[in-house]
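Here is the file run-v2.cif (mmCIF, N, CA and C atoms).
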data_my_file
loop_
_atom_site.label_atom_id
_atom_site.label_comp_id
_atom_site.auth_asym_id
_atom_site.auth_seq_id
_atom_site.Cartn_x
_atom_site.Cartn_y
_atom_site.Cartn_z
N MET D 1 0.85 -1.19 0.00
CA MET D 1 0.00 0.00 0.00
C MET D 1 0.89 1.24 0.00
N ASP D 2 0.54 2.22 -0.83
CA ASP D 2 1.30 3.46 -0.90
C ASP D 2 1.05 4.29 0.34
N ASN D 3 2.02 5.17 0.64
CA ASN D 3 1.82 6.08 1.77
C ASN D 3 0.82 7.15 1.37
N ILE D 4 -0.23 7.26 2.13
CA ILE D 4 -1.25 8.28 1.90
C ILE D 4 -1.12 9.30 3.01
N PRO D 5 -1.08 10.60 2.67
CA PRO D 5 -0.94 11.62 3.71
C PRO D 5 -2.01 11.47 4.79
N MET D 6 -1.57 11.63 6.04
CA MET D 6 -2.49 11.50 7.16
C MET D 6 -3.66 12.48 7.01
N GLY D 7 -4.84 11.98 7.21
CA GLY D 7 -6.02 12.83 7.11
C GLY D 7 -6.54 13.01 5.70
N GLN D 8 -5.84 12.45 4.70
CA GLN D 8 -6.27 12.60 3.31
C GLN D 8 -7.29 11.52 2.96
N VAL D 9 -8.36 11.93 2.34
CA VAL D 9 -9.42 11.02 1.92
C VAL D 9 -9.69 11.27 0.44
N TYR D 10 -9.86 10.20 -0.31
CA TYR D 10 -10.19 10.31 -1.73
C TYR D 10 -11.66 9.95 -1.90
N GLU D 11 -12.36 10.73 -2.73
CA GLU D 11 -13.78 10.53 -2.91
C GLU D 11 -14.12 10.43 -4.39
N ILE D 12 -15.20 9.69 -4.67
CA ILE D 12 -15.77 9.63 -6.01
C ILE D 12 -17.18 10.20 -5.89
N HIS D 13 -17.44 11.25 -6.66
CA HIS D 13 -18.74 11.91 -6.64
C HIS D 13 -19.46 11.64 -7.95
N LYS D 14 -20.77 11.58 -7.89
CA LYS D 14 -21.58 11.42 -9.09
C LYS D 14 -22.26 12.74 -9.40
N TYR D 15 -22.18 13.13 -10.65
CA TYR D 15 -22.77 14.39 -11.13
C TYR D 15 -23.71 14.13 -12.29
N ARG D 16 -24.71 14.99 -12.42
CA ARG D 16 -25.53 15.09 -13.62
C ARG D 16 -25.31 16.51 -14.11
N GLY D 17 -24.53 16.62 -15.17
CA GLY D 17 -24.11 17.95 -15.63
C GLY D 17 -23.27 18.59 -14.54
N GLU D 18 -23.64 19.76 -14.11
CA GLU D 18 -22.93 20.45 -13.03
C GLU D 18 -23.56 20.20 -11.67
N LEU D 19 -24.65 19.42 -11.62
CA LEU D 19 -25.38 19.17 -10.39
C LEU D 19 -24.78 17.97 -9.65
N PHE D 20 -24.29 18.20 -8.44
CA PHE D 20 -23.78 17.12 -7.60
C PHE D 20 -24.95 16.26 -7.14
N LEU D 21 -24.82 14.92 -7.30
CA LEU D 21 -25.88 14.02 -6.86
C LEU D 21 -25.55 13.40 -5.50
N TYR D 22 -24.40 12.71 -5.39
CA TYR D 22 -24.03 12.11 -4.11
C TYR D 22 -22.60 11.57 -4.16
N VAL D 23 -22.08 11.23 -2.98
CA VAL D 23 -20.76 10.62 -2.85
C VAL D 23 -20.94 9.12 -3.08
N VAL D 24 -20.29 8.60 -4.10
CA VAL D 24 -20.37 7.17 -4.44
C VAL D 24 -19.46 6.37 -3.53
N ALA D 25 -18.25 6.87 -3.31
CA ALA D 25 -17.27 6.15 -2.50
C ALA D 25 -16.33 7.13 -1.83
N ARG D 26 -15.79 6.69 -0.70
CA ARG D 26 -14.85 7.51 0.06
C ARG D 26 -13.86 6.54 0.70
N THR D 27 -12.56 6.81 0.55
CA THR D 27 -11.56 5.90 1.11
C THR D 27 -10.31 6.64 1.54
N ASN D 28 -9.64 6.09 2.51
CA ASN D 28 -8.30 6.54 2.87
C ASN D 28 -7.37 5.32 2.86
N LYS D 29 -7.82 4.23 2.28
CA LYS D 29 -7.07 2.98 2.27
C LYS D 29 -6.43 2.65 0.93
N HIS D 30 -6.68 3.44 -0.10
CA HIS D 30 -6.11 3.21 -1.42
C HIS D 30 -5.37 4.45 -1.89
N ALA D 31 -4.42 4.24 -2.78
CA ALA D 31 -3.63 5.34 -3.33
C ALA D 31 -4.47 6.18 -4.30
N GLU D 32 -4.06 7.40 -4.48
CA GLU D 32 -4.77 8.33 -5.37
C GLU D 32 -4.92 7.76 -6.77
N ASP D 33 -3.84 7.21 -7.32
CA ASP D 33 -3.89 6.65 -8.67
C ASP D 33 -4.90 5.51 -8.78
N TYR D 34 -5.02 4.71 -7.74
CA TYR D 34 -5.96 3.60 -7.71
C TYR D 34 -7.40 4.13 -7.81
N VAL D 35 -7.71 5.14 -7.01
CA VAL D 35 -9.06 5.71 -7.01
C VAL D 35 -9.35 6.41 -8.33
N LYS D 36 -8.37 7.13 -8.87
CA LYS D 36 -8.55 7.78 -10.17
C LYS D 36 -8.81 6.74 -11.25
N GLY D 37 -8.14 5.59 -11.15
CA GLY D 37 -8.38 4.50 -12.09
C GLY D 37 -9.81 3.99 -12.00
N ASP D 38 -10.33 3.90 -10.77
CA ASP D 38 -11.72 3.49 -10.58
C ASP D 38 -12.68 4.48 -11.23
N VAL D 39 -12.39 5.77 -11.09
CA VAL D 39 -13.24 6.80 -11.70
C VAL D 39 -13.24 6.63 -13.22
N ASP D 40 -12.06 6.40 -13.79
CA ASP D 40 -11.97 6.19 -15.24
C ASP D 40 -12.79 4.98 -15.68
N LYS D 41 -12.69 3.88 -14.91
CA LYS D 41 -13.46 2.67 -15.24
C LYS D 41 -14.95 2.93 -15.15
N MET D 42 -15.37 3.61 -14.09
CA MET D 42 -16.80 3.89 -13.90
C MET D 42 -17.34 4.76 -15.04
N ASN D 43 -16.59 5.78 -15.43
CA ASN D 43 -17.01 6.64 -16.54
C ASN D 43 -17.04 5.85 -17.84
N GLY D 44 -16.11 4.90 -17.99
CA GLY D 44 -16.07 4.07 -19.19
C GLY D 44 -17.24 3.11 -19.29
N MET D 45 -17.86 2.77 -18.18
CA MET D 45 -18.98 1.83 -18.17
C MET D 45 -20.34 2.51 -18.37
N LEU D 46 -20.36 3.83 -18.39
CA LEU D 46 -21.63 4.55 -18.58
C LEU D 46 -22.17 4.30 -19.98
N THR D 47 -23.47 4.07 -20.06
CA THR D 47 -24.11 3.88 -21.37
C THR D 47 -24.19 5.22 -22.09
N PRO D 48 -24.35 5.19 -23.42
CA PRO D 48 -24.50 6.45 -24.16
C PRO D 48 -25.68 7.28 -23.65
N GLU D 49 -26.75 6.60 -23.22
CA GLU D 49 -27.92 7.32 -22.71
C GLU D 49 -27.56 8.11 -21.44
N LEU D 50 -26.85 7.44 -20.51
CA LEU D 50 -26.46 8.13 -19.27
C LEU D 50 -25.50 9.29 -19.56
N LYS D 51 -24.58 9.05 -20.49
CA LYS D 51 -23.66 10.13 -20.87
C LYS D 51 -24.42 11.31 -21.45
N SER D 52 -25.45 11.03 -22.26
CA SER D 52 -26.22 12.13 -22.86
C SER D 52 -27.00 12.91 -21.81
N GLU D 53 -27.29 12.26 -20.67
CA GLU D 53 -27.95 12.95 -19.55
C GLU D 53 -26.95 13.76 -18.72
N GLY D 54 -25.67 13.65 -19.06
CA GLY D 54 -24.64 14.39 -18.33
C GLY D 54 -24.12 13.66 -17.11
N ILE D 55 -24.44 12.37 -16.96
CA ILE D 55 -23.96 11.61 -15.81
C ILE D 55 -22.46 11.39 -15.95
N ARG D 56 -21.75 11.62 -14.86
CA ARG D 56 -20.30 11.40 -14.85
C ARG D 56 -19.84 11.24 -13.42
N TYR D 57 -18.69 10.59 -13.26
CA TYR D 57 -18.08 10.40 -11.95
C TYR D 57 -16.83 11.26 -11.89
N VAL D 58 -16.59 11.85 -10.71
CA VAL D 58 -15.50 12.80 -10.54
C VAL D 58 -14.67 12.41 -9.32
N PHE D 59 -13.35 12.47 -9.46
CA PHE D 59 -12.43 12.23 -8.36
C PHE D 59 -12.24 13.54 -7.60
N LEU D 60 -12.33 13.47 -6.27
CA LEU D 60 -12.11 14.65 -5.43
C LEU D 60 -11.31 14.29 -4.20
N LEU D 61 -10.61 15.27 -3.68
CA LEU D 61 -9.88 15.10 -2.43
C LEU D 61 -10.76 15.56 -1.28
N GLY D 62 -10.73 14.80 -0.20
CA GLY D 62 -11.44 15.19 1.01
C GLY D 62 -10.46 15.13 2.17
N THR D 63 -10.97 15.35 3.37
CA THR D 63 -10.14 15.23 4.56
C THR D 63 -10.85 14.33 5.55
N ALA D 64 -10.11 13.82 6.52
CA ALA D 64 -10.71 12.97 7.54
C ALA D 64 -11.79 13.74 8.28
N ASP D 65 -11.59 15.05 8.50
CA ASP D 65 -12.59 15.87 9.18
C ASP D 65 -13.88 15.95 8.37
N SER D 66 -13.75 16.16 7.05
CA SER D 66 -14.95 16.24 6.21
C SER D 66 -15.63 14.88 6.15
N MET D 67 -14.84 13.82 6.18
CA MET D 67 -15.39 12.47 6.15
C MET D 67 -16.23 12.22 7.39
N ALA D 68 -15.73 12.60 8.55
CA ALA D 68 -16.46 12.40 9.80
C ALA D 68 -17.74 13.24 9.81
N LYS D 69 -17.66 14.46 9.30
CA LYS D 69 -18.85 15.32 9.26
C LYS D 69 -19.91 14.72 8.35
N LYS D 70 -19.50 14.24 7.17
CA LYS D 70 -20.45 13.68 6.22
C LYS D 70 -21.11 12.42 6.78
N VAL D 71 -20.33 11.59 7.47
CA VAL D 71 -20.90 10.39 8.08
C VAL D 71 -21.90 10.80 9.15
N GLY D 72 -21.58 11.82 9.93
CA GLY D 72 -22.51 12.32 10.94
C GLY D 72 -23.79 12.85 10.32
N ASP D 73 -23.67 13.57 9.21
CA ASP D 73 -24.85 14.09 8.51
C ASP D 73 -25.71 12.96 8.00
N ARG D 74 -25.08 11.92 7.45
CA ARG D 74 -25.81 10.78 6.92
C ARG D 74 -26.54 10.05 8.04
N THR D 75 -25.89 9.90 9.19
CA THR D 75 -26.51 9.24 10.34
C THR D 75 -27.73 10.02 10.79
N LYS D 76 -27.62 11.34 10.84
CA LYS D 76 -28.76 12.18 11.25
C LYS D 76 -29.93 12.01 10.29
N ARG D 77 -29.63 11.95 8.97
CA ARG D 77 -30.70 11.77 7.98
C ARG D 77 -31.37 10.42 8.17
N LYS D 78 -30.57 9.37 8.40
CA LYS D 78 -31.14 8.04 8.59
C LYS D 78 -32.00 8.00 9.85
N GLU D 79 -31.53 8.64 10.92
CA GLU D 79 -32.31 8.67 12.15
C GLU D 79 -33.63 9.41 11.92
N LYS D 80 -33.57 10.54 11.21
CA LYS D 80 -34.78 11.31 10.93
C LYS D 80 -35.73 10.49 10.06
N GLN D 81 -35.18 9.81 9.06
CA GLN D 81 -36.00 8.97 8.18
C GLN D 81 -36.65 7.85 8.99
N GLY D 82 -35.90 7.25 9.92
CA GLY D 82 -36.43 6.19 10.75
C GLY D 82 -37.59 6.69 11.61
N VAL D 83 -37.47 7.90 12.11
CA VAL D 83 -38.54 8.50 12.91
C VAL D 83 -39.77 8.71 12.05
N LEU D 84 -39.57 9.21 10.82
CA LEU D 84 -40.70 9.44 9.92
C LEU D 84 -41.36 8.13 9.53
N GLU D 85 -40.56 7.08 9.27
CA GLU D 85 -41.12 5.77 8.92
C GLU D 85 -41.86 5.18 10.13
N GLY D 86 -41.31 5.40 11.32
CA GLY D 86 -41.95 4.90 12.53
C GLY D 86 -43.29 5.57 12.76
N ASP D 87 -43.35 6.87 12.47
CA ASP D 87 -44.60 7.61 12.60
C ASP D 87 -45.65 7.09 11.63
N ALA D 88 -45.22 6.77 10.41
CA ALA D 88 -46.15 6.27 9.39
C ALA D 88 -46.66 4.89 9.78
N ALA D 89 -45.81 4.06 10.36
CA ALA D 89 -46.21 2.70 10.76
C ALA D 89 -47.20 2.77 11.92
N ALA D 90 -47.06 3.77 12.76
CA ALA D 90 -47.95 3.92 13.93
C ALA D 90 -49.32 4.41 13.52
N SER D 91 -49.41 5.04 12.35
CA SER D 91 -50.69 5.62 11.89
C SER D 91 -51.67 4.55 11.46
#
Starting from the file, lay out its structure as structure tokens.
Amino acid sequence: MDNIPMGQVYEIHKYRGELFLYVVARTNKHAEDYVKGDVDKMNGMLTPELKSEGIRYVFLLGTADSMAKKVGDRTKRKEKQGVLEGDAAAS
């Protein structure tokens, strides 16, 4: 495994045109070139229809701090969703 700078996180984001959709993957366990290679493969697997819609995958740098914040945000959304689903089941 290559040395990755402490606190450095590599991310793959999905876009439709200029609109950010979501984080597909986030890692601090693989080298930058490895993750960039994954992005190239993912973009290469897109169908012509998806490409015409502007779908694409983008490599981005993140930090361990941003990673922890995003995980916290996702947990809050899941908890909120669980509460909403629980309310609907009780109805």
Between CA of Thr27 (chain D) and atom C of Glu49 (chain D), what distance in Å does the model show, to one decimal?
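It comes out at 27.7 Å.
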How would you write, as number ranges by chain, the set of residues in region 2-39 of chain D that DSSP gives as strand (DSSP E)?
D: 8-16, 19-27
CA of Leu21 (chain D) to atom C of Tyr34 (chain D) measures 21.0 Å
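The spacing separating CA of Arg56 (chain D) from atom N of Val35 (chain D) amounts to 16.1 Å.
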Env of Val24 (chain D): 5 Å cut, atoms = all atoms listed in the file, seq-sep filter 2 positions within chain, self excluded. Answer as number ranges by chain.
D: 12-14, 22, 26
Given the file shown, enumerate the residues that the PyMOL selection byres ((chain D and resi 17) around 7) captures and present them as a list in words.
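Applied to this file, the PyMOL selection byres ((chain D and resi 17) around 7) returns Tyr15, Arg16, Glu18, Leu19, Phe20, Glu53, Gly54, Ile55 and Arg56 of chain D.
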Would you mind telling me which residue in D:Gly37, D:Met45, D:Asn28, D:Phe59 lies nearest to Val9 (chain D) when using all atoms listed in the file?
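Counting all atoms listed in the file, the residue closest to Val9 (chain D) is D:Asn28.
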Rank nothing, just name the residue among D:Tyr57, D:Asp65, D:Tyr10, D:Ser52 nearest to His30 (chain D), using only C-alpha atoms.
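Result for the nearest residue to His30 (chain D): D:Tyr10.
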For Gln8 (chain D), the nearest of the candidates D:Lys29, D:Asp38, D:Leu50, D:Val23, counting only N, CA and C atoms
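Going through D:Lys29, D:Asp38, D:Leu50, D:Val23 one by one, the smallest distance to Gln8 (chain D) is for D:Lys29.
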Expand the PyMOL selection byres ((chain D and resi 62) around 6) into the individual residues it matches in the shown file, reporting them as a list in words.
Gly7, Gln8, Val9, Tyr10, Glu11, Leu60, Leu61, Thr63, Ala64 and Ser66 of chain D
Write the residues of the selection above to a file with N, CA and C atoms, as an mmCIF file, in the frame of the given file.
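Output saved as part_0.cif:
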data_model
loop_
_atom_site.group_PDB
_atom_site.id
_atom_site.type_symbol
_atom_site.label_atom_id
_atom_site.label_comp_id
_atom_site.auth_asym_id
_atom_site.auth_seq_id
_atom_site.Cartn_x
_atom_site.Cartn_y
_atom_site.Cartn_z
ATOM 1 N N GLY D 7 -4.840 11.980 7.210
ATOM 2 C CA GLY D 7 -6.020 12.830 7.110
ATOM 3 C C GLY D 7 -6.540 13.010 5.700
ATOM 4 N N GLN D 8 -5.840 12.450 4.700
ATOM 5 C CA GLN D 8 -6.270 12.600 3.310
ATOM 6 C C GLN D 8 -7.290 11.520 2.960
ATOM 7 N N VAL D 9 -8.360 11.930 2.340
ATOM 8 C CA VAL D 9 -9.420 11.020 1.920
ATOM 9 C C VAL D 9 -9.690 11.270 0.440
ATOM 10 N N TYR D 10 -9.860 10.200 -0.310
ATOM 11 C CA TYR D 10 -10.190 10.310 -1.730
ATOM 12 C C TYR D 10 -11.660 9.950 -1.900
ATOM 13 N N GLU D 11 -12.360 10.730 -2.730
ATOM 14 C CA GLU D 11 -13.780 10.530 -2.910
ATOM 15 C C GLU D 11 -14.120 10.430 -4.390
ATOM 16 N N LEU D 60 -12.330 13.470 -6.270
ATOM 17 C CA LEU D 60 -12.110 14.650 -5.430
ATOM 18 C C LEU D 60 -11.310 14.290 -4.200
ATOM 19 N N LEU D 61 -10.610 15.270 -3.680
ATOM 20 C CA LEU D 61 -9.880 15.100 -2.430
ATOM 21 C C LEU D 61 -10.760 15.560 -1.280
ATOM 22 N N THR D 63 -10.970 15.350 3.370
ATOM 23 C CA THR D 63 -10.140 15.230 4.560
ATOM 24 C C THR D 63 -10.850 14.330 5.550
ATOM 25 N N ALA D 64 -10.110 13.820 6.520
ATOM 26 C CA ALA D 64 -10.710 12.970 7.540
ATOM 27 C C ALA D 64 -11.790 13.740 8.280
ATOM 28 N N SER D 66 -13.750 16.160 7.050
ATOM 29 C CA SER D 66 -14.950 16.240 6.210
ATOM 30 C C SER D 66 -15.630 14.880 6.150
#
